[in-house]
>>> print(open('coords-v1.cif').read())   # mmCIF, C-alpha atoms
data_protein
loop_
_atom_site.label_atom_id
_atom_site.label_comp_id
_atom_site.auth_asym_id
_atom_site.auth_seq_id
_atom_site.Cartn_x
_atom_site.Cartn_y
_atom_site.Cartn_z
CA MET A 1 21.40 -45.78 -11.75
CA THR A 2 24.57 -44.06 -10.66
CA GLU A 3 24.75 -40.82 -8.73
CA LEU A 4 25.87 -38.83 -11.78
CA THR A 5 23.06 -40.00 -14.05
CA LYS A 6 20.21 -39.01 -11.71
CA LYS A 7 18.04 -36.17 -12.95
CA ARG A 8 19.06 -32.93 -11.34
CA PRO A 9 16.48 -30.30 -10.38
CA GLU A 10 15.80 -27.71 -13.03
CA PHE A 11 16.27 -24.09 -12.00
CA ARG A 12 14.85 -21.47 -14.31
CA ASN A 13 13.69 -17.89 -14.28
CA ILE A 14 10.16 -17.12 -13.20
CA ASN A 15 7.81 -16.20 -16.02
CA ALA A 16 5.56 -13.39 -14.80
CA PHE A 17 2.57 -14.54 -16.86
CA THR A 18 2.57 -18.26 -16.13
CA ASP A 19 4.46 -18.80 -12.88
CA LEU A 20 3.41 -15.90 -10.67
CA THR A 21 -0.24 -16.93 -10.65
CA THR A 22 0.69 -20.32 -9.15
CA TYR A 23 3.36 -19.06 -6.73
CA ARG A 24 2.22 -18.78 -3.09
CA LEU A 25 3.91 -15.76 -1.57
CA PRO A 26 3.99 -15.68 2.24
CA LEU A 27 2.11 -12.91 4.05
CA ALA A 28 5.35 -11.11 4.91
CA GLY A 29 6.16 -11.02 1.20
CA TRP A 30 2.81 -9.40 0.42
CA VAL A 31 3.43 -6.78 3.11
CA SER A 32 6.84 -6.07 1.61
CA ILE A 33 5.42 -5.70 -1.91
CA LEU A 34 2.58 -3.50 -0.64
CA HIS A 35 5.14 -1.39 1.25
CA ARG A 36 6.89 -0.66 -2.03
CA ALA A 37 3.61 -0.11 -3.87
CA SER A 38 2.35 2.31 -1.22
CA GLY A 39 5.58 4.30 -1.42
CA GLY A 40 5.27 4.46 -5.20
CA LEU A 41 1.63 5.50 -4.97
CA MET A 42 2.45 8.31 -2.55
CA PHE A 43 5.23 9.48 -4.87
CA ILE A 44 2.98 9.47 -7.93
CA LEU A 45 0.17 11.28 -6.09
CA LEU A 46 2.50 13.84 -4.49
CA PRO A 47 1.36 16.69 -6.81
CA LEU A 48 -2.25 16.02 -5.78
CA ILE A 49 -1.27 15.97 -2.10
CA VAL A 50 0.52 19.33 -2.47
CA TRP A 51 -2.51 20.77 -4.30
CA LEU A 52 -4.88 19.49 -1.61
CA PHE A 53 -2.77 21.03 1.13
CA ASP A 54 -2.28 24.32 -0.73
CA THR A 55 -5.94 24.85 -1.52
CA SER A 56 -7.05 23.88 1.96
CA VAL A 57 -4.91 26.46 3.77
CA SER A 58 -4.46 29.35 1.29
CA SER A 59 -7.65 31.32 1.91
CA GLU A 60 -11.32 30.94 2.71
CA LEU A 61 -12.22 31.00 -0.99
CA SER A 62 -9.70 28.29 -1.83
CA PHE A 63 -10.99 26.19 1.07
CA GLU A 64 -14.51 26.47 -0.37
CA ARG A 65 -13.15 25.29 -3.73
CA PHE A 66 -11.38 22.46 -1.90
CA SER A 67 -14.60 21.44 -0.14
CA ALA A 68 -16.59 21.66 -3.37
CA ALA A 69 -14.17 19.25 -5.06
CA PHE A 70 -15.25 16.56 -2.61
CA SER A 71 -18.97 17.23 -2.82
CA ALA A 72 -19.66 18.36 -6.39
CA GLY A 73 -16.42 17.50 -8.14
CA ILE A 74 -14.33 19.53 -10.57
CA GLY A 75 -15.18 19.61 -14.25
CA PHE A 76 -16.13 16.13 -15.44
CA VAL A 77 -14.57 14.39 -12.39
CA PRO A 78 -17.22 13.62 -9.73
CA GLY A 79 -16.65 14.23 -6.03
CA TRP A 80 -16.74 10.55 -5.06
CA PHE A 81 -13.74 9.96 -7.32
CA PHE A 82 -11.72 12.56 -5.38
CA LYS A 83 -12.75 10.79 -2.18
CA LEU A 84 -11.56 7.44 -3.55
CA VAL A 85 -8.22 8.93 -4.54
CA VAL A 86 -7.82 10.47 -1.08
CA LEU A 87 -8.79 7.11 0.46
CA ALA A 88 -6.00 5.50 -1.59
CA ILE A 89 -3.58 8.13 -0.28
CA ILE A 90 -4.75 7.44 3.28
CA TRP A 91 -4.20 3.70 2.84
CA ALA A 92 -0.81 4.24 1.21
CA TYR A 93 0.36 6.50 4.03
CA LEU A 94 -0.92 4.25 6.81
CA HIS A 95 0.42 1.04 5.28
CA HIS A 96 3.77 2.60 4.45
CA LEU A 97 4.10 4.00 7.97
CA ILE A 98 3.13 0.80 9.77
CA ALA A 99 5.19 -1.47 7.48
CA GLY A 100 8.14 0.90 7.83
CA LEU A 101 7.89 0.74 11.62
CA ARG A 102 7.73 -3.05 11.33
CA HIS A 103 10.91 -3.11 9.27
CA LEU A 104 12.66 -0.73 11.67
CA TYR A 105 11.69 -2.89 14.65
CA MET A 106 12.92 -6.00 12.89
CA ASP A 107 16.25 -4.29 12.17
CA VAL A 108 16.74 -2.91 15.68
CA ALA A 109 15.57 -5.95 17.65
CA HIS A 110 17.07 -8.51 15.25
CA ALA A 111 13.62 -10.10 15.17
CA VAL A 112 14.10 -12.19 12.06
CA SER A 113 12.14 -15.40 12.24
CA LYS A 114 9.39 -16.97 10.23
CA GLU A 115 6.91 -16.77 13.11
CA PHE A 116 7.57 -13.09 13.83
CA GLY A 117 7.42 -12.27 10.14
CA LYS A 118 3.99 -13.84 9.82
CA SER A 119 2.55 -12.36 13.01
CA SER A 120 3.89 -8.87 12.34
CA ALA A 121 2.59 -9.04 8.77
CA ILE A 122 -0.89 -9.87 10.08
CA VAL A 123 -0.70 -6.96 12.54
CA THR A 124 0.52 -4.62 9.80
CA LEU A 125 -2.29 -5.54 7.42
CA ALA A 126 -4.95 -5.46 10.15
CA LEU A 127 -3.87 -2.05 11.44
CA SER A 128 -3.49 -0.42 8.03
CA ILE A 129 -6.78 -1.76 6.66
CA GLY A 130 -8.65 -1.13 9.93
CA LEU A 131 -7.44 2.46 10.24
CA THR A 132 -8.15 3.05 6.55
CA LEU A 133 -11.72 1.83 7.02
CA VAL A 134 -12.23 4.11 10.03
CA LEU A 135 -10.84 7.17 8.24
CA GLY A 136 -12.67 6.23 5.04
CA ALA A 137 -15.96 6.09 6.93
CA LYS A 138 -15.24 9.61 8.19
CA LEU A 139 -14.27 10.76 4.69
CA PHE A 140 -17.49 9.45 3.17
CA GLY A 141 -19.57 10.94 6.00
CA LEU A 142 -20.71 7.76 7.74
CA TYR A 143 -20.09 9.31 11.16
#
>>> encode(input="coords-v1.cif", output="structure tokens")
Amino acid sequence: MTELTKKRPEFRNINAFTDLTTYRLPLAGWVSILHRASGGLMFILLPLIVWLFDTSVSSELSFERFSAAFSAGIGFVPGWFFKLVVLAIIWAYLHHLIAGLRHLYMDVAHAVSKEFGKSSAIVTLALSIGLTLVLGAKLFGLY
């Protein structure tokens, strides 16, 4: 068989429904995707964040309404649901902050290697999930 008749590798686009389930993304890739997702989540929930801040600092009556939203809920939405949404905001903020600091450090220190990418991704995930669990325990009244 000559060099020209050998089968060349086939390059094709990735099908999101069939190929992504079998593709093994490295940990640094997951951190990067979650960094974008956390930024999007914070943007989408920005009106809720502004409402939470406004009702918590406007007056004593509005603070009581704010506190009641977490214990009794508002309308048909139970209080635990508000706590879960706030927990998602906490995770999004913490992950976005820590992953952003990771990216800034990598840019400033020129720390671009496979080993550093993996170790810093592990630290990013451990810190963001650990801090979210600690603040979530406080939010749900475990301490």
>>> residues_near_point(input="coords-v1.cif", point="(0.3, -10.3, 1.7)", cutoff="12 Å", atoms="only C-alpha atoms", output="mmCIF file with C-alpha atoms, in the coordinates of the input")
data_model
loop_
_atom_site.group_PDB
_atom_site.id
_atom_site.type_symbol
_atom_site.label_atom_id
_atom_site.label_comp_id
_atom_site.auth_asym_id
_atom_site.auth_seq_id
_atom_site.Cartn_x
_atom_site.Cartn_y
_atom_site.Cartn_z
ATOM 1 C CA ARG A 24 2.220 -18.780 -3.090
ATOM 2 C CA LEU A 25 3.910 -15.760 -1.570
ATOM 3 C CA PRO A 26 3.990 -15.680 2.240
ATOM 4 C CA LEU A 27 2.110 -12.910 4.050
ATOM 5 C CA ALA A 28 5.350 -11.110 4.910
ATOM 6 C CA GLY A 29 6.160 -11.020 1.200
ATOM 7 C CA TRP A 30 2.810 -9.400 0.420
ATOM 8 C CA VAL A 31 3.430 -6.780 3.110
ATOM 9 C CA SER A 32 6.840 -6.070 1.610
ATOM 10 C CA ILE A 33 5.420 -5.700 -1.910
ATOM 11 C CA LEU A 34 2.580 -3.500 -0.640
ATOM 12 C CA HIS A 35 5.140 -1.390 1.250
ATOM 13 C CA HIS A 95 0.420 1.040 5.280
ATOM 14 C CA ALA A 99 5.190 -1.470 7.480
ATOM 15 C CA GLY A 117 7.420 -12.270 10.140
ATOM 16 C CA LYS A 118 3.990 -13.840 9.820
ATOM 17 C CA SER A 119 2.550 -12.360 13.010
ATOM 18 C CA SER A 120 3.890 -8.870 12.340
ATOM 19 C CA ALA A 121 2.590 -9.040 8.770
ATOM 20 C CA ILE A 122 -0.890 -9.870 10.080
ATOM 21 C CA VAL A 123 -0.700 -6.960 12.540
ATOM 22 C CA THR A 124 0.520 -4.620 9.800
ATOM 23 C CA LEU A 125 -2.290 -5.540 7.420
ATOM 24 C CA ALA A 126 -4.950 -5.460 10.150
#
>>> residues_around(input="coords-v1.cif", residues="Gly136 in chain A", least_positions_apart="5", cutoff="9 Å", atoms="all atoms listed in the file", output="PDB file with C-alpha atoms, keeping the file's coordinate frame")
ATOM      1  CA  LYS A  83     -12.750  10.790  -2.180  1.00  0.00           C
ATOM      2  CA  LEU A  84     -11.560   7.440  -3.550  1.00  0.00           C
ATOM      3  CA  VAL A  86      -7.820  10.470  -1.080  1.00  0.00           C
ATOM      4  CA  LEU A  87      -8.790   7.110   0.460  1.00  0.00           C
ATOM      5  CA  ILE A  90      -4.750   7.440   3.280  1.00  0.00           C
ATOM      6  CA  LEU A 131      -7.440   2.460  10.240  1.00  0.00           C
ATOM      7  CA  GLY A 141     -19.570  10.940   6.000  1.00  0.00           C
ATOM      8  CA  LEU A 142     -20.710   7.760   7.740  1.00  0.00           C
TER       9      LEU A 142
END
>>> axis_aligned_box(input="coords-v1.cif", around="range 125-128 of chain A", padding_each_side="3 Å", output="AutoDock Vina command-line options")
--center_x -3.6 --center_y -3.0 --center_z 9.4 --size_x 8.7 --size_y 11.1 --size_z 10.0
>>> closest_residue(input="coords-v1.cif", among="A:Ala88, A:Thr22, A:Phe70, A:Leu41", to="Phe140 in chain A", atoms="all atoms listed in the file")
A:Phe70
>>> atom_distance(input="coords-v1.cif", atom1="CA of Thr55 in chain A", atom2="CA of Val134 in chain A")
24.6 Å
>>> atom_distance(input="coords-v1.cif", atom1="CA of Ala92 in chain A", atom2="CA of Leu46 in chain A")
11.6 Å
>>> atom_distance(input="coords-v1.cif", atom1="CA of His110 in chain A", atom2="CA of Ser128 in chain A")
23.2 Å
>>> closest_residue(input="coords-v1.cif", among="A:Phe43, A:Lys138, A:Thr18, A:Ser38", to="Gly100 in chain A", atoms="only C-alpha atoms")
A:Ser38
>>> closest_residue(input="coords-v1.cif", among="A:Trp91, A:Tyr105, A:Phe66, A:Phe76", to="Leu48 in chain A", atoms="all atoms listed in the file")
A:Phe66
>>> decode(input="coords-v1.cif", residues="range 2-28 of chain A", atoms="N, CA and C atoms", output="JSON list (two decimals), in the first residue's frame")
[["chain", "number", "residue", "atom", "x", "y", "z"],
["A", 2, "THR", "N", 0.64, 2.13, -0.89],
["A", 2, "THR", "CA", 1.48, 3.32, -0.98],
["A", 2, "THR", "C", 1.05, 4.35, 0.07],
["A", 3, "GLU", "N", 1.86, 5.35, 0.21],
["A", 3, "GLU", "CA", 1.61, 6.39, 1.22],
["A", 3, "GLU", "C", 0.33, 7.17, 0.91],
["A", 4, "LEU", "N", 0.01, 7.36, -0.34],
["A", 4, "LEU", "CA", -1.16, 8.15, -0.71],
["A", 4, "LEU", "C", -2.47, 7.38, -0.55],
["A", 5, "THR", "N", -2.41, 6.05, -0.59],
["A", 5, "THR", "CA", -3.65, 5.28, -0.51],
["A", 5, "THR", "C", -4.02, 4.89, 0.92],
["A", 6, "LYS", "N", -3.18, 5.22, 1.89],
["A", 6, "LYS", "CA", -3.53, 4.91, 3.28],
["A", 6, "LYS", "C", -4.73, 5.72, 3.72],
["A", 7, "LYS", "N", -5.52, 5.15, 4.59],
["A", 7, "LYS", "CA", -6.71, 5.84, 5.09],
["A", 7, "LYS", "C", -6.29, 6.97, 6.01],
["A", 8, "ARG", "N", -6.75, 8.15, 5.68],
["A", 8, "ARG", "CA", -6.46, 9.32, 6.50],
["A", 8, "ARG", "C", -7.46, 9.40, 7.65],
["A", 9, "PRO", "N", -7.07, 10.06, 8.76],
["A", 9, "PRO", "CA", -8.02, 10.21, 9.86],
["A", 9, "PRO", "C", -9.19, 11.11, 9.45],
["A", 10, "GLU", "N", -10.34, 10.77, 9.98],
["A", 10, "GLU", "CA", -11.55, 11.53, 9.66],
["A", 10, "GLU", "C", -11.78, 12.58, 10.74],
["A", 11, "PHE", "N", -11.86, 13.83, 10.33],
["A", 11, "PHE", "CA", -12.15, 14.92, 11.24],
["A", 11, "PHE", "C", -13.56, 15.41, 10.94],
["A", 12, "ARG", "N", -14.36, 15.50, 11.99],
["A", 12, "ARG", "CA", -15.75, 15.92, 11.79],
["A", 12, "ARG", "C", -16.18, 16.78, 12.97],
["A", 13, "ASN", "N", -17.29, 17.41, 12.83],
["A", 13, "ASN", "CA", -17.83, 18.22, 13.91],
["A", 13, "ASN", "C", -18.36, 17.32, 15.02],
["A", 14, "ILE", "N", -18.39, 17.85, 16.22],
["A", 14, "ILE", "CA", -18.89, 17.09, 17.35],
["A", 14, "ILE", "C", -20.41, 17.23, 17.42],
["A", 15, "ASN", "N", -21.09, 16.10, 17.47],
["A", 15, "ASN", "CA", -22.53, 16.09, 17.63],
["A", 15, "ASN", "C", -22.83, 16.15, 19.13],
["A", 16, "ALA", "N", -23.58, 17.15, 19.56],
["A", 16, "ALA", "CA", -23.83, 17.36, 20.98],
["A", 16, "ALA", "C", -24.61, 16.21, 21.61],
["A", 17, "PHE", "N", -25.41, 15.50, 20.86],
["A", 17, "PHE", "CA", -26.23, 14.45, 21.44],
["A", 17, "PHE", "C", -25.53, 13.10, 21.51],
["A", 18, "THR", "N", -24.64, 12.83, 20.56],
["A", 18, "THR", "CA", -24.00, 11.51, 20.56],
["A", 18, "THR", "C", -22.55, 11.54, 21.02],
["A", 19, "ASP", "N", -21.83, 12.61, 20.71],
["A", 19, "ASP", "CA", -20.40, 12.62, 20.99],
["A", 19, "ASP", "C", -20.05, 13.19, 22.36],
["A", 20, "LEU", "N", -20.80, 14.14, 22.85],
["A", 20, "LEU", "CA", -20.43, 14.78, 24.11],
["A", 20, "LEU", "C", -20.56, 13.85, 25.31],
["A", 21, "THR", "N", -21.42, 12.87, 25.22],
["A", 21, "THR", "CA", -21.56, 11.93, 26.34],
["A", 21, "THR", "C", -20.37, 11.00, 26.45],
["A", 22, "THR", "N", -19.63, 10.80, 25.37],
["A", 22, "THR", "CA", -18.48, 9.91, 25.39],
["A", 22, "THR", "C", -17.17, 10.68, 25.49],
["A", 23, "TYR", "N", -17.19, 11.98, 25.38],
["A", 23, "TYR", "CA", -15.98, 12.79, 25.41],
["A", 23, "TYR", "C", -15.55, 13.03, 26.85],
["A", 24, "ARG", "N", -14.29, 12.78, 27.16],
["A", 24, "ARG", "CA", -13.77, 12.98, 28.52],
["A", 24, "ARG", "C", -13.07, 14.32, 28.59],
["A", 25, "LEU", "N", -13.74, 15.28, 29.18],
["A", 25, "LEU", "CA", -13.20, 16.62, 29.32],
["A", 25, "LEU", "C", -12.28, 16.66, 30.54],
["A", 26, "PRO", "N", -11.10, 17.27, 30.44],
["A", 26, "PRO", "CA", -10.22, 17.35, 31.61],
["A", 26, "PRO", "C", -10.84, 18.25, 32.68],
["A", 27, "LEU", "N", -10.34, 18.13, 33.90],
["A", 27, "LEU", "CA", -10.88, 18.88, 35.03],
["A", 27, "LEU", "C", -10.79, 20.39, 34.80],
["A", 28, "ALA", "N", -9.73, 20.84, 34.19],
["A", 28, "ALA", "CA", -9.59, 22.27, 33.90],
["A", 28, "ALA", "C", -10.67, 22.74, 32.93]]
